[in-house]
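**Q** Compact mmCIF, C-alpha atoms, saved as entry-v7.txt, coming up:
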```
# COMPACT_ATOMS: atom_id res chain seq x y z
CA MET H 18 -158.15 4.67 -124.06
CA ASP H 19 -157.06 5.23 -127.64
CA GLY H 20 -159.16 3.88 -130.49
CA LYS H 21 -156.49 1.38 -131.50
CA THR H 22 -156.60 -0.39 -128.14
CA GLN H 23 -160.39 -0.18 -128.00
CA LEU H 24 -160.75 -1.79 -131.42
CA GLY H 25 -158.42 -4.66 -130.63
CA ASP H 26 -159.94 -5.24 -127.21
CA PHE H 27 -163.45 -5.17 -128.64
CA LEU H 28 -162.69 -7.73 -131.35
CA GLN H 29 -160.85 -10.04 -128.98
CA THR H 30 -163.49 -9.80 -126.26
CA ARG H 31 -166.42 -10.41 -128.55
CA ARG H 32 -164.63 -13.29 -130.25
CA SER H 33 -164.04 -14.93 -126.87
CA GLN H 34 -167.75 -14.62 -126.06
CA LEU H 35 -168.86 -16.68 -129.07
CA ARG H 36 -169.12 -20.41 -128.43
CA PRO H 37 -168.34 -22.58 -131.48
CA GLU H 38 -171.45 -24.70 -130.99
CA ASP H 39 -173.67 -21.61 -131.05
CA ILE H 40 -172.70 -20.76 -134.62
CA GLY H 41 -172.19 -24.21 -136.07
CA VAL H 42 -168.39 -24.46 -135.89
CA PRO H 43 -167.47 -28.12 -135.34
CA THR H 44 -165.02 -28.88 -132.55
CA TYR H 45 -165.00 -32.68 -132.82
CA GLY H 46 -164.84 -32.98 -129.05
CA GLU H 47 -161.38 -31.44 -128.85
CA ARG H 48 -160.22 -29.68 -125.72
CA ARG H 49 -159.77 -25.97 -126.40
CA ARG H 50 -157.20 -23.86 -124.58
CA VAL H 51 -159.08 -20.57 -124.90
CA PRO H 52 -162.79 -19.72 -124.62
CA GLY H 53 -164.76 -18.77 -127.66
CA LEU H 54 -163.69 -18.84 -131.28
CA ARG H 55 -160.12 -19.01 -132.48
CA ARG H 56 -158.85 -16.26 -134.73
CA GLU H 57 -158.70 -18.56 -137.73
CA GLU H 58 -162.31 -19.64 -137.16
CA LEU H 59 -163.54 -16.07 -136.97
CA ALA H 60 -161.52 -15.12 -140.04
CA LEU H 61 -163.03 -18.01 -141.97
CA LEU H 62 -166.55 -16.96 -141.03
CA ALA H 63 -165.80 -13.38 -142.09
CA GLY H 64 -164.16 -14.42 -145.36
CA VAL H 65 -160.79 -12.80 -144.64
CA SER H 66 -157.34 -14.30 -144.16
CA THR H 67 -156.23 -15.27 -140.69
CA SER H 68 -153.11 -13.13 -140.94
CA TYR H 69 -155.15 -10.07 -141.92
CA TYR H 70 -157.66 -10.55 -139.12
CA THR H 71 -154.81 -11.08 -136.63
CA ARG H 72 -153.19 -7.79 -137.68
CA LEU H 73 -156.54 -6.04 -137.34
CA GLU H 74 -157.16 -7.45 -133.86
CA GLN H 75 -153.63 -6.55 -132.78
CA GLY H 76 -154.01 -3.00 -134.09
CA GLN H 77 -151.38 -3.42 -136.80
CA SER H 78 -153.69 -2.72 -139.75
CA LEU H 79 -155.56 0.51 -140.43
CA SER H 80 -156.97 -0.46 -143.82
CA ALA H 81 -160.21 -2.29 -142.99
CA SER H 82 -162.87 -1.31 -145.51
CA PRO H 83 -166.54 -0.90 -144.56
CA GLU H 84 -167.28 -4.15 -146.39
CA VAL H 85 -164.68 -6.06 -144.35
CA LEU H 86 -165.95 -4.55 -141.13
CA ASP H 87 -169.49 -5.56 -142.03
CA ALA H 88 -168.30 -9.10 -142.71
CA ILE H 89 -166.53 -9.24 -139.34
CA ALA H 90 -169.61 -7.79 -137.66
CA GLY H 91 -171.71 -10.55 -139.19
CA ALA H 92 -169.27 -13.22 -138.05
CA LEU H 93 -169.30 -11.79 -134.52
CA ARG H 94 -173.11 -11.66 -134.56
CA LEU H 95 -173.11 -7.96 -133.71
CA ASP H 96 -176.49 -6.27 -133.35
CA GLU H 97 -177.75 -2.95 -134.70
CA SER H 98 -176.04 -0.98 -131.93
CA GLU H 99 -172.73 -2.81 -132.07
CA ARG H 100 -172.22 -2.64 -135.84
CA PRO H 101 -171.91 1.19 -136.05
CA TYR H 102 -169.79 1.05 -132.89
CA LEU H 103 -167.31 -1.23 -134.68
CA HIS H 104 -167.14 1.23 -137.58
CA ASP H 105 -166.60 4.12 -135.15
CA LEU H 106 -163.64 2.32 -133.55
CA ALA H 107 -162.09 1.63 -136.94
CA ARG H 108 -162.57 5.28 -137.94
CA VAL H 109 -160.83 6.46 -134.78
CA ASP H 110 -157.99 4.06 -135.52
CA ARG H 111 -157.50 5.51 -139.01
CA GLN H 112 -157.70 9.13 -137.87
CA ARG H 113 -155.06 9.16 -135.21
CA THR H 114 -154.37 12.87 -135.44
CA ARG H 115 -155.93 14.93 -132.69
CA GLY H 116 -159.33 16.31 -133.69
CA ARG H 117 -161.26 19.31 -132.48
CA ARG H 118 -162.64 19.20 -128.98
CA PRO H 119 -166.41 18.62 -128.80
CA ALA H 120 -168.43 21.81 -128.58
CA PRO H 121 -169.57 22.92 -125.10
CA GLU H 122 -172.97 21.55 -124.16
CA ARG H 123 -175.84 23.96 -123.64
CA VAL H 124 -179.56 23.51 -123.13
CA PRO H 125 -181.44 25.11 -126.05
CA GLU H 126 -184.26 27.47 -125.15
CA SER H 127 -186.72 25.17 -126.91
CA THR H 128 -185.69 22.35 -124.56
CA CYS H 129 -186.20 24.62 -121.54
CA GLN H 130 -189.69 25.38 -122.79
CA PHE H 131 -190.33 21.67 -123.28
CA LEU H 132 -189.39 20.99 -119.65
CA GLY H 133 -191.71 23.79 -118.62
CA VAL H 134 -194.81 22.04 -120.00
CA LEU H 135 -193.92 18.65 -118.52
CA GLY H 136 -195.06 19.59 -115.05
CA ASP H 137 -196.41 16.16 -114.04
CA VAL H 138 -193.93 14.10 -116.10
CA PRO H 139 -190.45 13.54 -114.65
CA ALA H 140 -187.87 14.83 -117.12
CA ILE H 141 -184.14 15.47 -117.15
CA VAL H 142 -181.78 16.79 -119.82
CA LEU H 143 -178.57 14.81 -120.23
CA GLY H 144 -175.38 15.73 -122.04
CA ARG H 145 -173.26 13.28 -123.98
CA ARG H 146 -171.29 12.33 -120.84
CA SER H 147 -174.58 11.80 -118.94
CA ASP H 148 -174.17 15.10 -117.11
CA VAL H 149 -177.49 16.49 -115.87
CA LEU H 150 -177.79 19.82 -117.67
CA ALA H 151 -181.33 20.55 -116.43
CA TRP H 152 -184.36 18.86 -114.87
CA ASN H 153 -187.88 19.75 -113.84
CA ARG H 154 -189.09 19.47 -110.27
CA LEU H 155 -190.56 16.01 -110.69
CA GLY H 156 -187.53 14.68 -112.55
CA HIS H 157 -185.34 15.91 -109.73
CA ALA H 158 -187.64 14.36 -107.12
CA LEU H 159 -187.80 10.99 -108.87
CA PHE H 160 -184.17 10.49 -109.82
CA ALA H 161 -182.11 12.47 -107.31
CA GLY H 162 -184.25 14.29 -104.78
CA HIS H 163 -181.43 14.15 -102.23
CA LEU H 164 -179.34 16.51 -104.36
CA ASP H 165 -179.55 20.28 -104.68
CA PHE H 166 -182.17 21.17 -107.29
CA ASP H 167 -180.02 24.02 -108.63
CA ALA H 168 -176.88 21.88 -109.08
CA PRO H 169 -177.27 21.41 -112.88
CA GLY H 170 -176.90 25.18 -113.30
CA ARG H 171 -173.42 25.10 -111.73
CA PRO H 172 -170.95 23.34 -114.08
CA THR H 173 -168.50 22.42 -111.33
CA GLN H 174 -171.26 20.81 -109.24
CA ARG H 175 -173.33 19.33 -112.02
CA PRO H 176 -174.61 15.80 -111.24
CA ASN H 177 -173.62 12.99 -113.57
CA MET H 178 -176.09 10.11 -113.91
CA ALA H 179 -173.44 7.50 -114.67
CA ARG H 180 -171.51 8.51 -111.57
CA LEU H 181 -174.72 8.49 -109.51
CA VAL H 182 -175.79 5.04 -110.71
CA PHE H 183 -172.45 3.47 -109.74
CA LEU H 184 -171.24 5.57 -106.83
CA ASP H 185 -174.32 7.03 -105.11
CA GLY H 186 -176.13 4.66 -102.74
CA HIS H 187 -179.42 6.58 -102.94
CA VAL H 188 -179.63 6.30 -106.74
CA ARG H 189 -178.42 2.71 -106.71
CA ASP H 190 -181.17 1.74 -104.26
CA LEU H 191 -183.82 3.28 -106.53
CA TYR H 192 -183.52 0.43 -109.03
CA ALA H 193 -184.83 -3.03 -108.11
CA ASP H 194 -182.78 -4.51 -110.94
CA TRP H 195 -179.72 -2.34 -110.55
CA PRO H 196 -177.47 -4.48 -112.80
CA SER H 197 -179.84 -3.94 -115.73
CA LYS H 198 -179.70 -0.17 -115.26
CA ALA H 199 -175.94 -0.27 -114.79
CA ARG H 200 -175.39 -2.25 -117.99
CA ALA H 201 -177.52 0.25 -119.92
CA VAL H 202 -175.38 3.11 -118.60
CA VAL H 203 -172.14 1.35 -119.56
CA GLY H 204 -173.45 0.37 -122.99
CA ASN H 205 -174.35 3.96 -123.76
CA LEU H 206 -170.98 5.28 -122.56
CA ARG H 207 -169.27 2.78 -124.87
CA LEU H 208 -171.07 4.31 -127.85
CA VAL H 209 -170.25 7.85 -126.79
CA ALA H 210 -166.57 7.07 -126.17
CA ALA H 211 -166.22 5.84 -129.76
CA GLN H 212 -168.03 8.90 -131.13
CA TYR H 213 -165.94 11.42 -129.12
CA PRO H 214 -162.44 9.91 -128.85
CA GLU H 215 -160.83 13.29 -128.05
CA ASP H 216 -163.21 14.17 -125.22
CA ALA H 217 -160.78 14.35 -122.29
CA ALA H 218 -163.54 14.97 -119.75
CA LEU H 219 -165.38 11.84 -120.89
CA HIS H 220 -162.27 9.68 -120.58
CA ALA H 221 -161.54 11.19 -117.16
CA LEU H 222 -165.02 10.12 -116.09
CA LEU H 223 -164.44 6.60 -117.40
CA GLY H 224 -161.12 6.39 -115.59
CA GLU H 225 -162.73 7.58 -112.36
CA LEU H 226 -165.52 5.03 -112.59
CA CYS H 227 -163.11 2.19 -113.37
CA ALA H 228 -160.97 3.16 -110.37
CA LYS H 229 -163.83 3.62 -107.90
CA SER H 230 -166.22 0.86 -108.99
CA ALA H 231 -165.08 -2.70 -109.59
CA GLU H 232 -168.53 -3.40 -111.06
CA PHE H 233 -168.12 -0.63 -113.63
CA ALA H 234 -164.62 -1.85 -114.52
CA LEU H 235 -165.92 -5.38 -115.05
CA MET H 236 -168.84 -4.23 -117.20
CA TRP H 237 -166.59 -1.90 -119.19
CA ALA H 238 -164.17 -4.73 -119.92
CA ASP H 239 -167.07 -6.84 -121.21
CA HIS H 240 -167.42 -4.49 -124.22
CA ARG H 241 -171.21 -4.70 -124.35
CA VAL H 242 -172.65 -1.90 -126.45
CA LYS H 243 -176.28 -0.86 -126.34
CA ALA H 244 -178.21 2.23 -127.38
CA CYS H 245 -180.92 2.17 -124.73
CA THR H 246 -183.68 4.58 -125.77
CA VAL H 247 -186.68 2.86 -124.10
CA ALA H 248 -186.57 0.65 -121.01
CA ASP H 249 -188.86 -0.40 -118.16
CA TYR H 250 -187.48 -0.07 -114.64
CA GLU H 251 -188.98 -1.10 -111.33
CA MET H 252 -188.06 1.55 -108.78
CA HIS H 253 -188.25 1.73 -105.00
CA HIS H 254 -188.64 5.41 -104.17
CA PRO H 255 -188.01 6.41 -100.54
CA LEU H 256 -191.05 8.74 -100.49
CA VAL H 257 -193.74 6.88 -102.45
CA GLY H 258 -192.59 3.28 -102.48
CA PRO H 259 -192.48 0.92 -105.49
CA LEU H 260 -193.38 2.04 -108.99
CA THR H 261 -192.58 0.93 -112.51
CA VAL H 262 -191.62 3.59 -115.04
CA ILE H 263 -190.80 3.60 -118.73
CA GLN H 264 -187.71 5.70 -119.29
CA GLN H 265 -187.61 7.11 -122.81
CA THR H 266 -184.72 9.05 -124.29
CA MET H 267 -185.63 11.62 -126.91
CA SER H 268 -182.84 13.04 -129.01
CA SER H 269 -182.53 14.67 -132.40
CA GLY H 270 -178.95 13.43 -132.66
CA GLN H 271 -177.66 16.95 -132.11
CA GLY H 272 -177.32 18.44 -128.67
CA PRO H 273 -178.55 17.16 -125.32
CA ALA H 274 -181.12 14.38 -124.90
CA VAL H 275 -184.32 14.58 -122.86
CA VAL H 276 -185.15 11.57 -120.69
CA VAL H 277 -188.76 11.28 -119.50
CA ALA H 278 -190.31 8.71 -117.17
CA THR H 279 -193.92 7.66 -117.77
CA THR H 280 -196.23 5.18 -116.07
CA GLU H 281 -199.13 3.01 -117.17
CA ALA H 282 -202.54 4.71 -116.96
CA CYS H 283 -204.70 3.86 -113.94
CA SER H 284 -201.88 1.84 -112.39
CA PRO H 285 -200.45 1.91 -108.85
CA SER H 286 -197.31 3.36 -110.40
CA ARG H 287 -199.30 6.27 -111.86
CA ALA H 288 -200.79 6.87 -108.43
CA ALA H 289 -197.35 6.80 -106.80
CA LEU H 290 -196.04 9.29 -109.33
CA ALA H 291 -199.04 11.55 -108.72
CA LEU H 292 -198.31 11.40 -105.00
CA LEU H 293 -194.71 12.40 -105.66
CA ALA H 294 -195.96 15.22 -107.89
CA GLN H 295 -198.15 16.50 -105.07
CA ALA H 296 -195.21 16.42 -102.71
CA THR H 297 -193.18 18.56 -105.11
CA GLY H 298 -195.97 20.96 -106.03
CA GLU H 299 -196.34 19.61 -109.57
CA ALA H 300 -199.72 17.87 -109.33
CA THR H 301 -200.98 19.37 -112.59
CA VAL H 302 -199.38 20.40 -115.84
CA ARG H 303 -198.32 24.04 -115.60
CA THR H 304 -199.66 26.35 -118.24
CA ASP H 305 -197.58 29.25 -116.93
CA LEU H 306 -194.16 28.64 -118.49
CA SER H 307 -192.65 31.27 -116.21
CA SER H 308 -193.50 29.26 -113.07
CA ASP H 309 -190.58 28.90 -110.68
CA ALA H 310 -191.48 25.21 -110.24
CA VAL H 311 -189.36 24.50 -113.30
CA GLN H 312 -185.95 26.09 -113.33
CA PRO H 313 -183.74 24.51 -115.97
CA ARG H 314 -180.68 26.64 -116.41
CA PRO H 315 -178.85 26.67 -119.72
CA SER H 316 -175.27 25.55 -119.36
CA THR H 317 -172.51 28.10 -119.48
CA ASP H 318 -169.79 25.48 -119.37
CA ARG H 319 -167.09 26.27 -121.91
CA SER H 320 -164.73 23.46 -121.07
```
Once you've parsed the file, please lay out its structure as C-alpha cells.

**A**
Amino acid sequence: MDGKTQLGDFLQTRRSQLRPEDIGVPTYGERRRVPGLRREELALLAGVSTSYYTRLEQGQSLSASPEVLDAIAGALRLDESERPYLHDLARVDRQRTRGRRPAPERVPESTCQFLGVLGDVPAIVLGRRSDVLAWNRLGHALFAGHLDFDAPGRPTQRPNMARLVFLDGHVRDLYADWPSKARAVVGNLRLVAAQYPEDAALHALLGELCAKSAEFALMWADHRVKACTVADYEMHHPLVGPLTVIQQTMSSGQGPAVVVATTEACSPSRAALALLAQATGEATVRTDLSSDAVQPRPSTDRS
C-alpha cells in the first residue's frame, strides 16, 4: 500500500465516479466505453494537459504543486475531507524514503482524569489505528460489554474498533444502519493511512480486514474519505434495547481521541442509557476520581 499506488488508485477511482452530465460535460449521446469522466475531460476541467494528468494518475510524475492538486481536487468535486487527503497522498509520493515510525501511543494522565468524571457518559479512548486504549465502565458496556473490561490495558489483547465493527457479530448487531457506521470507519482509516504511510501495524490491520471481510475490501476500494467527528447512530443494545446516540470524537490533533456517546434529554434513549448505567454501577457522575469503576490504563505499548 505505497503512496504512489494509493494516489493513482484514488484519482482513477474518483474520476470514474463522476458522471459527465453531473458536471456539465456534453456527451452528445455517444456510447462511452468506461464509466465516469475520461482523462482528457478531467484534465480540461483542472486546467492541466492530458499527458501531465495521465502521468500523475499512473504514478509517473512526482512534481504536482499544491495549486495543481487544488485544481484537480476542484475538478473531482472533492470535499473538505478529501482535499487534504489528496495532498497527503501526493506528499507521500514525493517522500519515498522511509520515515520515522510513529511514536508509541499512550493515554495522557489528563485523559484518564477526563474519563474519571464521565461516569454516566459512555466514553472510549481510541488510538490512530482505532485501538481501544482505555474506556470507562459505561463506554465498555455500551460498545463492547462482551469483552474483558481490562483488555485495553494489555497491548497484545487490546480491542480494535475497526476490527470489531467488521469482524465481531456482537458489535455489528449494535448498529441498525451498520453500513453507515462501516463507511465511517473506512473513511477515517483512509485519512490515517495517508498521514502515517510508514505505520506497519496500521497496514497490517488494513490487510487483515481486506482479507477477512469482503465488505471492507469493497469499501476500501471505493476510496471514500471522511473525517467523521459527529454522527447519530441508532443502536440495538442486547441489555436495554433500542437507543439513539450521538457519537462525538474529541481530539486536539495530537495523541489519542476521546469518543463520547450522548443522548437527547428526556428521551427514551436517555432512559435506556440510564438503565445501562445502573446495570454497570455508574448511575451518577463520580466525584471520587479514585473510584475503581473507571480503570483506564495508560498504554505501555512500545511497538

**Q** What's the separation between CA of Gly41 (chain H) and CA of Thr67 (chain H), in Å to one decimal place?

**A**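 CA of Thr67 (chain H) lies at a distance of 18.9 Å from CA of Gly41 (chain H).
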
**Q** Report as a ChimeraX atom specification all protein, DNA and RNA residues lying within 7 Å of region 198-203 of chain H, evaluated on only C-alpha atoms, omitting residues in the same chain fewer than 5 positions from it.

**A** /H:179,182,236-237,243,245

**Q** Hey, can you spit out that residue selection with C-alpha atoms as an mmCIF file, keeping the file's coordinate frame?

**A**
```cif
data_model
loop_
_atom_site.group_PDB
_atom_site.id
_atom_site.type_symbol
_atom_site.label_atom_id
_atom_site.label_comp_id
_atom_site.auth_asym_id
_atom_site.auth_seq_id
_atom_site.Cartn_x
_atom_site.Cartn_y
_atom_site.Cartn_z
ATOM 1 C CA ALA H 179 -173.440 7.500 -114.670
ATOM 2 C CA VAL H 182 -175.790 5.040 -110.710
ATOM 3 C CA MET H 236 -168.840 -4.230 -117.200
ATOM 4 C CA TRP H 237 -166.590 -1.900 -119.190
ATOM 5 C CA LYS H 243 -176.280 -0.860 -126.340
ATOM 6 C CA CYS H 245 -180.920 2.170 -124.730
#
```

**Q** Find the spatial neighbours of Val42 (chain H), counting only C-alpha atoms, within a cut-off of 9 Å - ignore same-chain residues fewer than 6 positions away - and output them as a short mmCIF file (atom, residue, chain, number, x, y, z; two decimals) with C-alpha atoms, keeping the file's coordinate frame.

**A**
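Contents of the output file result-v3.cif:
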```cif
data_model
loop_
_atom_site.label_atom_id
_atom_site.label_comp_id
_atom_site.auth_asym_id
_atom_site.auth_seq_id
_atom_site.Cartn_x
_atom_site.Cartn_y
_atom_site.Cartn_z
CA ARG H 36 -169.12 -20.41 -128.43
CA LEU H 54 -163.69 -18.84 -131.28
CA GLU H 58 -162.31 -19.64 -137.16
#
```

**Q** Find the residues around region 277-289 of chain H up to 8 Å (all atoms listed in the file counted), leave out those fewer than 2 positions away in its own chain, and share them as a list in words.

**A**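 Here the qualifying residues turn out to be Val138, Pro139, Ala140, Ile141, Gly156, Val257, Gly258, Pro259, Leu260, Thr261, Val262, Ile263, Gln264, Gln265, Thr266, Val275, Ala291, Leu292 and Leu293 of chain H.
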
**Q** Those same residues - C-alpha atoms - I'd like them written as a PDB file, in the coordinates of the input.

**A**
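Produced file selection25.pdb, reproduced below:
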```
ATOM      1  CA  VAL H 138    -193.930  14.100-116.100  1.00  0.00           C
ATOM      2  CA  PRO H 139    -190.450  13.540-114.650  1.00  0.00           C
ATOM      3  CA  ALA H 140    -187.870  14.830-117.120  1.00  0.00           C
ATOM      4  CA  ILE H 141    -184.140  15.470-117.150  1.00  0.00           C
ATOM      5  CA  GLY H 156    -187.530  14.680-112.550  1.00  0.00           C
ATOM      6  CA  VAL H 257    -193.740   6.880-102.450  1.00  0.00           C
ATOM      7  CA  GLY H 258    -192.590   3.280-102.480  1.00  0.00           C
ATOM      8  CA  PRO H 259    -192.480   0.920-105.490  1.00  0.00           C
ATOM      9  CA  LEU H 260    -193.380   2.040-108.990  1.00  0.00           C
ATOM     10  CA  THR H 261    -192.580   0.930-112.510  1.00  0.00           C
ATOM     11  CA  VAL H 262    -191.620   3.590-115.040  1.00  0.00           C
ATOM     12  CA  ILE H 263    -190.800   3.600-118.730  1.00  0.00           C
ATOM     13  CA  GLN H 264    -187.710   5.700-119.290  1.00  0.00           C
ATOM     14  CA  GLN H 265    -187.610   7.110-122.810  1.00  0.00           C
ATOM     15  CA  THR H 266    -184.720   9.050-124.290  1.00  0.00           C
ATOM     16  CA  VAL H 275    -184.320  14.580-122.860  1.00  0.00           C
ATOM     17  CA  ALA H 291    -199.040  11.550-108.720  1.00  0.00           C
ATOM     18  CA  LEU H 292    -198.310  11.400-105.000  1.00  0.00           C
ATOM     19  CA  LEU H 293    -194.710  12.400-105.660  1.00  0.00           C
TER      20      LEU H 293
END
```

**Q** I'd like the contact shell of Arg145 (chain H) - 9 Å cut-off, only C-alpha atoms, skipping same-chain residues fewer than 5 positions apart - returned as a tab-separated table (two decimals) with C-alpha atoms, in the coordinates of the input.

**A**
```tsv
chain	number	residue	atom	x	y	z
H	122	GLU	CA	-172.97	21.55	-124.16
H	206	LEU	CA	-170.98	5.28	-122.56
H	209	VAL	CA	-170.25	7.85	-126.79
H	219	LEU	CA	-165.38	11.84	-120.89
H	272	GLY	CA	-177.32	18.44	-128.67
H	273	PRO	CA	-178.55	17.16	-125.32
H	274	ALA	CA	-181.12	14.38	-124.90
```

**Q** Within 8 Å of (-164.8, -13.0, -141.3) (coordinates as in the file), grab all the protein and nucleic acid residues, counting all atoms listed in the file, and write them out as a list of chain:residue names.

**A**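 Checked against the point, the hits come out as H:Leu59, H:Ala60, H:Leu61, H:Leu62, H:Ala63, H:Gly64, H:Val65, H:Tyr70, H:Val85, H:Ala88, H:Ile89, H:Ala90, H:Gly91, H:Ala92.
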
**Q** Taking all atoms listed in the file into account, name the residue in H:Val149, H:Ala210, H:Val247, H:Ile40 that is nearest to Leu24 (chain H).

**A** H:Ala210

**Q** If we count all atoms listed in the file and set the cut-off at 6 Å, which residues sit around Pro169 (chain H), ignoring sequence neighbours fewer than 4 positions away in its own chain? Please answer as a PyMOL selection string.

**A** chain H and resi 149-151+175

**Q** Is there a way to complete region 273-281 of chain H with all heavy atoms and then write that out as an mmCIF file, keeping the file's coordinate frame?

**A**
```
data_model
loop_
_atom_site.group_PDB
_atom_site.id
_atom_site.type_symbol
_atom_site.label_atom_id
_atom_site.label_comp_id
_atom_site.auth_asym_id
_atom_site.auth_seq_id
_atom_site.Cartn_x
_atom_site.Cartn_y
_atom_site.Cartn_z
ATOM 1 N N PRO H 273 -178.170 18.000 -126.453
ATOM 2 C CA PRO H 273 -178.550 17.160 -125.320
ATOM 3 C C PRO H 273 -179.791 16.318 -125.601
ATOM 4 O O PRO H 273 -180.587 16.611 -126.487
ATOM 5 C CB PRO H 273 -178.814 18.175 -124.194
ATOM 6 C CG PRO H 273 -178.152 19.442 -124.634
ATOM 7 C CD PRO H 273 -178.219 19.434 -126.124
ATOM 8 N N ALA H 274 -179.951 15.248 -124.807
ATOM 9 C CA ALA H 274 -181.120 14.380 -124.900
ATOM 10 C C ALA H 274 -182.034 14.637 -123.712
ATOM 11 O O ALA H 274 -181.578 14.997 -122.625
ATOM 12 C CB ALA H 274 -180.696 12.914 -124.914
ATOM 13 N N VAL H 275 -183.327 14.454 -123.932
ATOM 14 C CA VAL H 275 -184.320 14.580 -122.860
ATOM 15 C C VAL H 275 -184.795 13.191 -122.479
ATOM 16 O O VAL H 275 -185.238 12.420 -123.332
ATOM 17 C CB VAL H 275 -185.522 15.450 -123.301
ATOM 18 C CG1 VAL H 275 -186.543 15.550 -122.166
ATOM 19 C CG2 VAL H 275 -185.044 16.842 -123.709
ATOM 20 N N VAL H 276 -184.690 12.856 -121.201
ATOM 21 C CA VAL H 276 -185.150 11.570 -120.690
ATOM 22 C C VAL H 276 -186.416 11.816 -119.872
ATOM 23 O O VAL H 276 -186.412 12.625 -118.934
ATOM 24 C CB VAL H 276 -184.088 10.896 -119.804
ATOM 25 C CG1 VAL H 276 -184.600 9.563 -119.265
ATOM 26 C CG2 VAL H 276 -182.802 10.687 -120.594
ATOM 27 N N VAL H 277 -187.497 11.146 -120.237
ATOM 28 C CA VAL H 277 -188.760 11.280 -119.500
ATOM 29 C C VAL H 277 -189.125 9.915 -118.917
ATOM 30 O O VAL H 277 -188.743 8.866 -119.449
ATOM 31 C CB VAL H 277 -189.897 11.795 -120.400
ATOM 32 C CG1 VAL H 277 -189.581 13.180 -120.938
ATOM 33 C CG2 VAL H 277 -190.166 10.825 -121.551
ATOM 34 N N ALA H 278 -189.857 9.941 -117.827
ATOM 35 C CA ALA H 278 -190.310 8.710 -117.170
ATOM 36 C C ALA H 278 -191.828 8.727 -117.122
ATOM 37 O O ALA H 278 -192.433 9.635 -116.538
ATOM 38 C CB ALA H 278 -189.733 8.603 -115.758
ATOM 39 N N THR H 279 -192.462 7.745 -117.744
ATOM 40 C CA THR H 279 -193.920 7.660 -117.770
ATOM 41 C C THR H 279 -194.371 6.387 -117.073
ATOM 42 O O THR H 279 -193.588 5.456 -116.862
ATOM 43 C CB THR H 279 -194.447 7.685 -119.213
ATOM 44 O OG1 THR H 279 -193.892 6.574 -119.938
ATOM 45 C CG2 THR H 279 -194.059 8.977 -119.909
ATOM 46 N N THR H 280 -195.659 6.340 -116.738
ATOM 47 C CA THR H 280 -196.230 5.180 -116.070
ATOM 48 C C THR H 280 -197.514 4.762 -116.768
ATOM 49 O O THR H 280 -198.146 5.557 -117.489
ATOM 50 C CB THR H 280 -196.549 5.501 -114.592
ATOM 51 O OG1 THR H 280 -197.372 6.679 -114.536
ATOM 52 C CG2 THR H 280 -195.277 5.736 -113.794
ATOM 53 N N GLU H 281 -197.921 3.522 -116.559
ATOM 54 C CA GLU H 281 -199.130 3.010 -117.170
ATOM 55 C C GLU H 281 -200.361 3.694 -116.571
ATOM 56 O O GLU H 281 -200.443 3.891 -115.353
ATOM 57 C CB GLU H 281 -199.215 1.503 -116.953
ATOM 58 C CG GLU H 281 -200.395 0.836 -117.648
ATOM 59 C CD GLU H 281 -200.418 -0.664 -117.427
ATOM 60 O OE1 GLU H 281 -199.427 -1.200 -116.891
ATOM 61 O OE2 GLU H 281 -201.435 -1.291 -117.794
#
```
